[in-house]
>>> print(open('data08.txt').read())   # compact mmCIF, C-alpha atoms
# COMPACT_ATOMS: atom_id res chain seq x y z
CA MET F 28 27.34 61.68 12.66
CA THR F 29 24.50 61.82 10.12
CA GLU F 30 22.83 65.23 10.07
CA LEU F 31 19.09 64.92 10.78
CA GLN F 32 16.66 67.07 8.82
CA HIS F 33 15.42 69.98 10.91
CA GLN F 34 11.63 70.01 10.56
CA VAL F 35 10.24 71.73 13.66
CA ARG F 36 8.91 75.28 13.39
CA GLY F 37 9.40 76.68 16.88
CA VAL F 38 7.51 76.45 20.16
CA ASP F 39 3.80 75.61 20.10
CA HIS F 40 3.47 76.38 23.80
CA VAL F 41 5.23 76.08 27.11
CA ALA F 42 3.06 75.42 30.17
CA TYR F 43 3.36 76.12 33.91
CA PRO F 44 1.07 75.58 36.90
CA THR F 45 -0.33 78.58 38.76
CA PHE F 46 -2.00 79.05 42.13
CA ASP F 47 -2.73 82.69 41.29
CA PRO F 48 -4.70 82.89 38.04
CA LYS F 49 -5.87 86.44 38.75
CA GLY F 50 -2.34 87.75 39.21
CA THR F 51 -1.15 85.73 36.21
CA VAL F 52 -3.76 87.29 33.91
CA ARG F 53 -3.04 90.76 35.26
CA PHE F 54 0.70 90.34 34.63
CA TYR F 55 0.65 88.83 31.16
CA ARG F 56 -2.53 90.35 29.69
CA ASP F 57 -2.96 93.66 31.47
CA VAL F 58 0.68 94.68 32.07
CA LEU F 59 2.61 93.09 29.19
CA GLY F 60 -0.29 93.12 26.72
CA PHE F 61 -0.22 89.43 25.73
CA PRO F 62 -3.80 88.53 24.70
CA VAL F 63 -5.54 85.38 25.91
CA VAL F 64 -6.07 83.28 22.78
CA HIS F 65 -7.28 79.90 23.99
CA SER F 66 -8.61 78.13 27.07
CA ILE F 67 -9.65 74.60 27.98
CA CYS F 68 -12.00 73.80 30.86
CA ALA F 69 -11.92 70.18 32.00
CA ALA F 70 -13.74 68.18 34.67
CA GLY F 71 -10.95 65.79 35.59
CA TRP F 72 -8.47 64.42 33.09
CA GLY F 73 -6.73 61.22 32.12
CA PRO F 74 -6.26 58.04 34.13
CA GLU F 75 -5.26 59.75 37.40
CA LYS F 76 -7.65 61.34 39.86
CA HIS F 77 -7.49 64.87 38.55
CA PRO F 78 -9.08 67.98 40.04
CA ASP F 79 -11.13 70.10 37.67
CA PHE F 80 -8.94 72.64 35.93
CA ILE F 81 -8.62 75.40 33.37
CA HIS F 82 -5.73 75.53 30.91
CA PHE F 83 -5.34 79.03 29.40
CA PHE F 84 -2.97 80.40 26.78
CA PHE F 85 -1.37 83.79 26.05
CA ASP F 86 -0.11 84.81 22.61
CA ILE F 87 3.60 85.71 22.88
CA GLY F 88 4.10 86.34 19.15
CA ASN F 89 5.21 84.29 16.15
CA ASP F 90 2.33 81.82 16.73
CA ASP F 91 3.98 80.81 20.05
CA ARG F 92 1.96 80.60 23.25
CA LEU F 93 2.58 80.65 26.98
CA ALA F 94 0.09 78.53 28.91
CA PHE F 95 -0.91 77.96 32.53
CA PHE F 96 -2.82 75.29 34.43
CA TYR F 97 -5.04 76.30 37.34
CA TYR F 98 -6.35 73.32 39.34
CA PHE F 99 -9.49 74.12 41.34
CA GLY F 100 -9.08 73.34 45.04
CA LEU F 101 -5.39 72.46 44.81
CA GLU F 102 -3.29 74.15 47.49
CA PRO F 103 0.40 75.12 47.09
CA PHE F 104 2.83 72.40 48.08
CA GLU F 105 5.17 72.82 51.02
CA GLY F 106 8.87 73.14 50.51
CA GLY F 107 11.79 75.46 51.11
CA PRO F 108 11.69 79.26 51.23
CA GLN F 109 12.96 79.76 47.66
CA GLY F 110 11.59 79.01 44.22
CA ASP F 111 8.25 79.32 42.47
CA SER F 112 4.82 77.71 42.23
CA TYR F 113 6.32 74.62 40.60
CA SER F 114 9.45 74.04 42.71
CA ARG F 115 10.39 75.03 46.24
CA PHE F 116 14.03 74.89 47.29
CA ALA F 117 15.90 74.86 50.60
CA ALA F 118 17.62 78.04 51.74
CA ASP F 119 21.08 76.71 50.86
CA VAL F 120 20.29 76.14 47.16
CA PRO F 121 22.19 78.81 45.15
CA VAL F 122 20.08 81.52 43.53
CA TYR F 123 21.93 81.09 40.21
CA PHE F 124 20.70 77.50 40.05
CA ILE F 125 17.09 78.49 40.73
CA ARG F 126 17.18 81.28 38.16
CA SER F 127 18.71 79.09 35.46
CA ARG F 128 15.20 77.85 34.63
CA HIS F 129 13.46 80.81 33.00
CA LEU F 130 11.50 81.86 29.94
CA ALA F 131 13.04 84.36 27.48
CA ILE F 132 10.81 86.21 25.02
CA HIS F 133 12.35 87.99 22.02
CA VAL F 134 11.63 91.52 20.79
CA ASP F 135 13.05 93.19 17.68
CA SER F 136 14.53 96.46 18.90
CA GLU F 137 15.84 98.53 21.80
CA GLU F 138 12.70 100.65 21.55
CA ASP F 139 10.52 97.57 22.06
CA LEU F 140 12.65 96.37 24.98
CA LEU F 141 12.41 99.75 26.72
CA GLU F 142 8.64 99.82 26.16
CA TYR F 143 8.28 96.53 28.04
CA ARG F 144 10.58 97.88 30.74
CA ARG F 145 8.28 100.90 31.05
CA ARG F 146 5.19 98.69 31.39
CA LEU F 147 6.82 96.52 34.03
CA ASP F 148 8.27 99.41 36.03
CA LEU F 149 4.78 100.94 36.32
CA SER F 150 3.38 97.65 37.65
CA GLU F 151 3.72 95.53 40.78
CA TRP F 152 6.46 93.55 39.00
CA PRO F 153 9.21 96.06 38.11
CA VAL F 154 12.35 95.08 36.24
CA GLU F 155 14.94 93.55 38.55
CA MET F 156 17.91 93.51 36.16
CA GLN F 157 18.87 94.92 32.76
CA ILE F 158 22.00 93.29 31.34
CA GLN F 159 23.95 93.21 28.10
CA HIS F 160 25.67 89.86 27.64
CA GLU F 161 27.46 88.64 24.51
CA THR F 162 24.97 89.09 21.65
CA ILE F 163 21.81 90.16 23.54
CA GLU F 164 20.41 92.73 25.96
CA SER F 165 17.78 91.56 28.43
CA ILE F 166 15.45 92.71 31.17
CA TYR F 167 14.35 90.34 33.92
CA THR F 168 11.57 90.12 36.46
CA HIS F 169 9.52 87.46 38.25
CA ASP F 170 5.85 86.93 37.46
CA PRO F 171 3.18 86.47 40.18
CA ASN F 172 4.02 82.76 40.35
CA GLY F 173 7.71 83.36 41.01
CA TYR F 174 8.77 82.31 37.50
CA MET F 175 11.68 84.31 36.12
CA ILE F 176 10.78 86.05 32.86
CA GLU F 177 13.33 87.54 30.48
CA ILE F 178 12.58 89.87 27.57
CA THR F 179 15.52 90.15 25.21
CA ARG F 180 16.73 91.80 22.01
CA ALA F 181 19.65 90.94 19.76
CA LEU F 182 22.58 93.37 19.82
CA ARG F 183 23.90 91.95 16.54
CA PRO F 184 23.37 88.90 14.32
CA VAL F 185 24.98 85.61 15.32
CA THR F 186 27.63 84.71 12.72
CA PRO F 187 28.21 81.34 11.02
CA GLN F 188 31.56 81.25 12.80
CA GLU F 189 29.77 81.41 16.15
CA ASP F 190 27.47 78.57 15.07
CA LEU F 191 30.57 76.50 14.28
CA ASP F 192 32.11 77.44 17.61
CA ALA F 193 28.95 76.33 19.42
CA ALA F 194 29.02 72.94 17.70
CA LEU F 195 32.68 72.50 18.66
CA THR F 196 31.94 73.48 22.24
CA ILE F 197 29.15 70.93 22.60
CA ASP F 198 31.23 68.15 21.04
CA ALA F 199 34.00 68.95 23.51
CA LEU F 200 31.53 68.97 26.40
CA LEU F 201 30.21 65.53 25.47
CA ASP F 202 33.77 64.21 25.34
CA VAL F 203 34.75 65.46 28.82
CA VAL F 204 31.57 65.37 30.90
CA ASP F 205 31.95 61.68 31.81
CA GLY F 206 35.71 61.92 32.29
CA PRO F 207 37.74 62.25 35.51
CA ASP F 208 37.85 66.08 35.32
CA PRO F 209 34.64 67.55 33.86
CA SER F 210 35.80 71.13 34.27
CA LEU F 211 35.75 74.22 32.07
CA GLY F 212 39.49 73.87 31.66
CA ALA F 213 39.11 70.30 30.39
CA LEU F 214 36.40 71.42 27.98
CA LEU F 215 38.56 74.20 26.52
CA ALA F 216 41.54 71.86 26.17
CA ARG F 217 39.42 69.28 24.32
CA LYS F 218 37.95 72.00 22.13
CA ALA F 219 41.45 73.07 21.10
CA GLU F 220 42.24 69.45 20.20
CA LEU F 221 39.10 69.25 18.06
CA ILE F 222 40.05 72.44 16.21
CA VAL F 223 43.42 70.92 15.30
CA GLU F 224 41.82 67.59 14.34
CA ARG F 225 39.23 69.19 12.05
CA ALA F 226 41.25 72.02 10.53
CA ALA F 227 42.31 70.01 7.45
CA ASP F 228 38.70 69.02 6.71
CA TRP F 229 37.52 72.63 7.02
CA GLU F 230 40.24 73.80 4.63
CA ALA F 231 39.33 71.12 2.11
CA GLU F 232 35.63 72.09 2.32
CA GLN F 233 36.49 75.75 1.81
CA GLN F 234 38.65 74.99 -1.23
CA ALA F 235 35.95 72.77 -2.73
CA GLY F 236 33.40 75.54 -2.26
CA GLN F 237 35.64 78.06 -3.98
CA GLN F 238 36.19 75.73 -6.93
CA ALA F 239 32.44 75.18 -7.28
CA VAL F 240 31.72 78.91 -7.70
CA PRO F 241 31.27 79.61 -11.45
CA ALA F 242 33.43 82.32 -13.02
CA PRO F 243 31.65 85.58 -13.89
CA ALA F 244 30.36 85.84 -17.47
CA GLY F 245 32.91 87.31 -19.86
CA SER F 246 35.88 86.55 -17.63
CA GLY F 247 37.38 84.02 -20.07
CA GLY F 248 39.92 84.72 -22.81
CA ALA F 249 39.00 86.22 -26.18
>>> encode(input="data08.txt", output="structure tokens")
Amino acid sequence: MTELQHQVRGVDHVAYPTFDPKGTVRFYRDVLGFPVVHSICAAGWGPEKHPDFIHFFFDIGNDDRLAFFYYFGLEPFEGGPQGDSYSRFAADVPVYFIRSRHLAIHVDSEEDLLEYRRRLDLSEWPVEMQIQHETIESIYTHDPNGYMIEITRALRPVTPQEDLDAALTIDALLDVVDGPDPSLGALLARKAELIVERAADWEAEQQAGQQAVPAPAGSGGA
């Protein structure tokens, strides 16, 4: 497969609806300290019959923004007892499925992570979980809209070998997901096959790279 040039520079913004703009501003601006950096007020919008709304943005660092829509006069939609302002689910929908959709915000250090934990624990939205998993440590809570928010720090750098492993894993997933047994076991078996199939190419690439490295100055004969 031809490798496409990677030209994007991160997230401009991610946007959610809210029925509680006051609580949303209190949570993100007043508790977490994310400043409001932009807002749009609109009387209707686009081809559909739109209520008047405000679209407001919080700075979450690195020129990335978290945005919300508040539609004047729009009431929350009915649904099941679980979920958030965007989606309501029936009682039998597993919690792990509902929580799989969440926003994770990165900080640089354990000190920074614990500072955000302190801010949250002093608020109406205390930390619900603090977990170390694989290469990161994270704290989790739900904002006033019911959206799960994660704040995370890296425990160590991700290695090139792990990047290669991720690519292999996804290739194996794509091979098995439409098959008769799209299970974790089938994925791992296909991944092992791919490792064997590609091993010779990896070895050849490594040898070519070693041959391309110039010898240090003065290492030749007299």
>>> residues_around(input="data08.txt", residues="segment 183-195 of chain F", least_positions_apart="6", cutoff="9 Å", atoms="only C-alpha atoms", output="PyMOL selection string")
chain F and resi 162-163+218+221-222
>>> closest_residue(input="data08.txt", among="F:Thr196, F:Pro207, F:Leu31, F:Gln234", to="Glu220 of chain F", atoms="all atoms listed in the file")
F:Thr196
>>> atom_distance(input="data08.txt", atom1="atom CA of Ile132 of chain F", atom2="atom CA of Ile178 of chain F")
4.8 Å
>>> closest_residue(input="data08.txt", among="F:Leu201, F:Leu211, F:Ala94, F:Ile67", to="Thr45 of chain F", atoms="all atoms listed in the file")
F:Ala94
>>> closest_residue(input="data08.txt", among="F:Arg144, F:Arg53, F:Arg128, F:Lys76", to="Tyr113 of chain F", atoms="all atoms listed in the file")
F:Arg128
>>> residues_around(input="data08.txt", residues="Gln109 of chain F", least_positions_apart="4", cutoff="9 Å", atoms="all atoms listed in the file", output="PyMOL selection string")
chain F and resi 114-118+120+122+125
>>> atom_distance(input="data08.txt", atom1="atom CA of Trp72 of chain F", atom2="atom CA of Phe85 of chain F")
21.8 Å
>>> closest_residue(input="data08.txt", among="F:Thr51, F:Ser210, F:Gln237, F:Thr179", to="Tyr143 of chain F", atoms="only C-alpha atoms")
F:Thr179
>>> axis_aligned_box(input="data08.txt", around="segment 217-228 of chain F", padding_each_side="6 Å", output="AutoDock Vina command-line options")
--center_x 40.7 --center_y 70.3 --center_z 15.5 --size_x 17.5 --size_y 17.5 --size_z 29.6
>>> residues_around(input="data08.txt", residues="Leu130 of chain F", least_positions_apart="4", cutoff="12 Å", atoms="only C-alpha atoms", output="list of chain:residue names")
F:Val38, F:His40, F:Val41, F:Ala42, F:Tyr43, F:Ile87, F:Arg92, F:Leu93, F:Ala94, F:Arg126, F:Ser165, F:Ile166, F:Tyr167, F:Thr168, F:His169, F:Asp170, F:Gly173, F:Tyr174, F:Met175, F:Ile176, F:Glu177, F:Ile178, F:Thr179
>>> write_last_selection(input="data08.txt", atoms="C-alpha atoms", output="compact mmCIF listing (two decimals), in the coordinates of the input")
# COMPACT_ATOMS: atom_id res chain seq x y z
CA VAL F 38 7.51 76.45 20.16
CA HIS F 40 3.47 76.38 23.80
CA VAL F 41 5.23 76.08 27.11
CA ALA F 42 3.06 75.42 30.17
CA TYR F 43 3.36 76.12 33.91
CA ILE F 87 3.60 85.71 22.88
CA ARG F 92 1.96 80.60 23.25
CA LEU F 93 2.58 80.65 26.98
CA ALA F 94 0.09 78.53 28.91
CA ARG F 126 17.18 81.28 38.16
CA SER F 165 17.78 91.56 28.43
CA ILE F 166 15.45 92.71 31.17
CA TYR F 167 14.35 90.34 33.92
CA THR F 168 11.57 90.12 36.46
CA HIS F 169 9.52 87.46 38.25
CA ASP F 170 5.85 86.93 37.46
CA GLY F 173 7.71 83.36 41.01
CA TYR F 174 8.77 82.31 37.50
CA MET F 175 11.68 84.31 36.12
CA ILE F 176 10.78 86.05 32.86
CA GLU F 177 13.33 87.54 30.48
CA ILE F 178 12.58 89.87 27.57
CA THR F 179 15.52 90.15 25.21
>>> atom_distance(input="data08.txt", atom1="atom CA of Phe46 of chain F", atom2="atom CA of Pro121 of chain F")
24.4 Å
>>> closest_residue(input="data08.txt", among="F:Ala199, F:Val58, F:Ile158, F:Ala226", to="Ala213 of chain F", atoms="all atoms listed in the file")
F:Ala199
>>> closest_residue(input="data08.txt", among="F:Gln159, F:Gln233, F:Ser112, F:Gln32", to="Pro44 of chain F", atoms="all atoms listed in the file")
F:Ser112
>>> build_atoms(input="data08.txt", residues="segment 53-72 of chain F", atoms="N, CA and C atoms", output="short mmCIF file (atom, residue, chain, number, x, y, z; two decimals), in the coordinates of the input")
data_model
loop_
_atom_site.label_atom_id
_atom_site.label_comp_id
_atom_site.auth_asym_id
_atom_site.auth_seq_id
_atom_site.Cartn_x
_atom_site.Cartn_y
_atom_site.Cartn_z
N ARG F 53 -3.39 89.34 35.15
CA ARG F 53 -3.04 90.76 35.26
C ARG F 53 -1.64 91.02 34.72
N PHE F 54 -0.70 90.15 35.04
CA PHE F 54 0.70 90.34 34.63
C PHE F 54 0.85 90.21 33.12
N TYR F 55 0.38 89.10 32.57
CA TYR F 55 0.65 88.83 31.16
C TYR F 55 -0.30 89.59 30.23
N ARG F 56 -1.58 89.68 30.57
CA ARG F 56 -2.53 90.35 29.69
C ARG F 56 -2.57 91.85 29.91
N ASP F 57 -2.69 92.26 31.19
CA ASP F 57 -2.96 93.66 31.47
C ASP F 57 -1.70 94.52 31.56
N VAL F 58 -0.57 93.93 31.98
CA VAL F 58 0.68 94.68 32.07
C VAL F 58 1.50 94.54 30.79
N LEU F 59 1.78 93.31 30.37
CA LEU F 59 2.61 93.09 29.19
C LEU F 59 1.83 93.20 27.89
N GLY F 60 0.51 92.99 27.93
CA GLY F 60 -0.29 93.12 26.72
C GLY F 60 -0.36 91.88 25.87
N PHE F 61 -0.13 90.69 26.47
CA PHE F 61 -0.22 89.43 25.73
C PHE F 61 -1.68 88.96 25.78
N PRO F 62 -2.38 88.90 24.66
CA PRO F 62 -3.80 88.53 24.70
C PRO F 62 -4.00 87.06 25.04
N VAL F 63 -5.11 86.77 25.70
CA VAL F 63 -5.54 85.38 25.91
C VAL F 63 -6.14 84.88 24.60
N VAL F 64 -5.64 83.76 24.10
CA VAL F 64 -6.07 83.28 22.78
C VAL F 64 -6.73 81.91 22.81
N HIS F 65 -6.69 81.23 23.95
CA HIS F 65 -7.28 79.90 23.99
C HIS F 65 -7.44 79.49 25.44
N SER F 66 -8.46 78.70 25.73
CA SER F 66 -8.61 78.13 27.07
C SER F 66 -9.34 76.80 26.97
N ILE F 67 -9.02 75.92 27.90
CA ILE F 67 -9.65 74.60 27.98
C ILE F 67 -10.15 74.42 29.40
N CYS F 68 -11.43 74.11 29.56
CA CYS F 68 -12.00 73.80 30.86
C CYS F 68 -12.28 72.30 30.91
N ALA F 69 -11.79 71.63 31.95
CA ALA F 69 -11.92 70.18 32.00
C ALA F 69 -12.35 69.74 33.39
N ALA F 70 -13.32 68.81 33.42
CA ALA F 70 -13.74 68.18 34.67
C ALA F 70 -12.96 66.88 34.81
N GLY F 71 -11.82 66.97 35.50
CA GLY F 71 -10.95 65.79 35.59
C GLY F 71 -10.23 65.56 34.28
N TRP F 72 -9.28 64.62 34.29
CA TRP F 72 -8.47 64.42 33.09
C TRP F 72 -7.66 63.14 33.23
#
